[in-house]
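Asker: Below is the file model-v6.txt, with compact mmCIF, C-alpha atoms.
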```txt
# COMPACT_ATOMS: atom_id res chain seq x y z
CA MET A 895 8.21 128.26 129.68
CA CYS A 896 10.55 130.58 131.57
CA LEU A 897 9.82 132.97 134.39
CA ALA A 898 11.78 136.14 135.06
CA VAL A 899 11.07 137.91 138.34
CA PRO A 900 11.62 141.63 138.97
CA GLY A 901 13.76 142.77 141.87
CA ARG A 902 15.36 145.99 143.11
CA VAL A 903 19.15 146.26 143.11
CA GLU A 904 20.31 147.11 146.65
CA SER A 905 24.09 146.96 146.20
CA ILE A 906 26.66 146.09 143.52
CA ASP A 907 30.06 144.40 143.68
CA ASP A 908 31.72 144.91 140.33
CA ALA A 909 35.26 143.68 140.96
CA THR A 910 35.40 142.54 137.33
CA PRO A 911 32.82 142.84 134.53
CA GLU A 912 32.49 139.04 134.30
CA THR A 913 31.79 138.61 138.00
CA ARG A 914 29.66 141.73 138.50
CA ALA A 915 27.09 140.77 141.12
CA GLY A 916 24.54 142.53 143.25
CA ARG A 917 22.19 142.05 146.14
CA VAL A 918 18.70 142.14 144.66
CA ASN A 919 15.52 142.40 146.75
CA PHE A 920 12.53 140.39 145.55
CA GLY A 921 9.77 141.68 147.82
CA GLY A 922 11.72 141.04 151.02
CA VAL A 923 13.81 138.10 149.84
CA VAL A 924 17.36 139.24 149.04
CA LYS A 925 19.59 137.17 146.75
CA VAL A 926 23.00 137.69 145.19
CA ILE A 927 22.42 137.90 141.43
CA ASN A 928 24.85 138.01 138.50
CA LEU A 929 24.59 141.44 136.84
CA ALA A 930 27.06 140.87 133.98
CA PHE A 931 24.29 140.98 131.33
CA VAL A 932 23.06 144.40 132.53
CA PRO A 933 26.22 146.51 132.91
CA GLU A 934 24.07 149.67 132.90
CA ALA A 935 22.20 148.66 136.09
CA VAL A 936 22.81 150.81 139.15
CA VAL A 937 21.64 150.67 142.75
CA GLY A 938 17.92 151.41 142.85
CA ASP A 939 17.17 149.98 139.41
CA TYR A 940 14.75 147.12 138.90
CA VAL A 941 15.99 144.12 136.94
CA LEU A 942 14.29 141.03 135.57
CA THR A 943 16.05 137.94 136.91
CA HIS A 944 16.05 134.41 135.55
CA VAL A 945 17.93 131.55 137.30
CA GLY A 946 20.30 133.91 139.12
CA PHE A 947 21.07 136.20 136.18
CA ALA A 948 19.64 139.68 135.65
CA ILE A 949 18.60 139.73 131.99
CA SER A 950 17.24 143.27 131.59
CA ARG A 951 16.38 146.50 133.37
CA ILE A 952 12.75 147.52 133.73
CA ASP A 953 11.06 150.61 135.09
CA GLU A 954 9.65 150.66 138.60
CA ALA A 955 6.01 150.84 137.49
CA GLN A 956 6.32 147.69 135.39
CA ALA A 957 8.17 145.91 138.23
CA ARG A 958 5.39 146.78 140.69
CA ARG A 959 2.66 145.61 138.29
CA THR A 960 4.46 142.31 137.72
CA LEU A 961 5.04 141.73 141.45
CA ALA A 962 1.38 142.50 142.18
CA PHE A 963 0.31 140.00 139.52
CA LEU A 964 2.63 137.31 140.90
CA GLU A 965 1.25 137.93 144.39
CA GLY A 966 -2.33 137.65 143.10
CA ARG A 967 -3.16 141.32 143.68
CA SER A 968 -3.70 142.35 140.05
```
Would you mind writing the structure in this file as structure tokens?

Answerer:
Amino acid sequence: MCLAVPGRVESIDDATPETRAGRVNFGGVVKVINLAFVPEAVVGDYVLTHVGFAISRIDEAQARRTLAFLEGRS
């Protein structure tokens, strides 16, 4: 089973498409994440992240519901 966690993109460094990375905030924990699989992502978007790679964009409402569930507040 795999787990993808939603986070909010705070900044993007897209020197090259292959190394496109961003600082993503996961409820206060900020990590540098590879954004190459979601070239459409912009600052402020929410992305689902699995093992350091953003795998898709999601809307803010879905991200908040998922974070609440993971925190046990659902």

Asker: Report, in Å with one decimal, the straight-line distance from CA of Ala957 (chain A) to CA of Ala909 (chain A).

Answerer: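 Here the two named atoms are 27.3 Å from each other.
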
Asker: Near Leu929 (chain A), counting all atoms listed in the file, which residues have an atom at most 8 Å away, once you skip same-chain residues fewer than 3 positions from it, shown as a VMD selection string?

Answerer: chain A and resid 913 to 916 932 to 933 935 947 to 949

Asker: Taking into account only C-alpha atoms, which residue in the set A:Arg917, A:Arg902, A:Arg967, A:Lys925 is nearest to Glu954 (chain A)?

Answerer: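 The shortest atom-to-atom distance to Glu954 (chain A) comes from A:Arg902.
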
Asker: I'd like to know which of A:Glu965, A:Glu904, A:Glu912, A:Asp953 is closest to Val936 (chain A), using all atoms listed in the file.

Answerer: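 Of all the options, A:Glu904 lies closest to Val936 (chain A).
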
Asker: Quick one: distance from CA of Leu964 (chain A) to CA of Gly938 (chain A) in Å, one decimal?

Answerer: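 Interatomic distance here is 20.9 Å.
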
Asker: Which residues are near region 895-900 of chain A? Cut-off 10 Å, only C-alpha atoms, ignore same chain within fewer than 4 positions. Put them as a ChimeraX atom specification.

Answerer: /A:918-921,940-954,956-961,964

Asker: One decimal, in Å: what's the spacing between CA of Ile906 (chain A) and CA of Val937 (chain A)?

Answerer: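 It comes out at 6.8 Å.
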
Asker: Looking at A:Ala962, A:Ala955, A:Ala930, A:Val924, which one is nearest to Gly901 (chain A), with distances taken over only C-alpha atoms?

Answerer: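 Closest to Gly901 (chain A) of all the choices is A:Val924.
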
Asker: Around all the atoms of region 943-954 of chain A listed in the file, draw an axis-aligned box and extend it by 3 Å on each of the six sides; I want its centre and edge lengths in Å to one decimal, as lines of an AutoDock Vina configuration file.

Answerer:
```
center_x = 15.4
center_y = 141.1
center_z = 135.4
size_x = 17.4
size_y = 25.1
size_z = 13.5
```
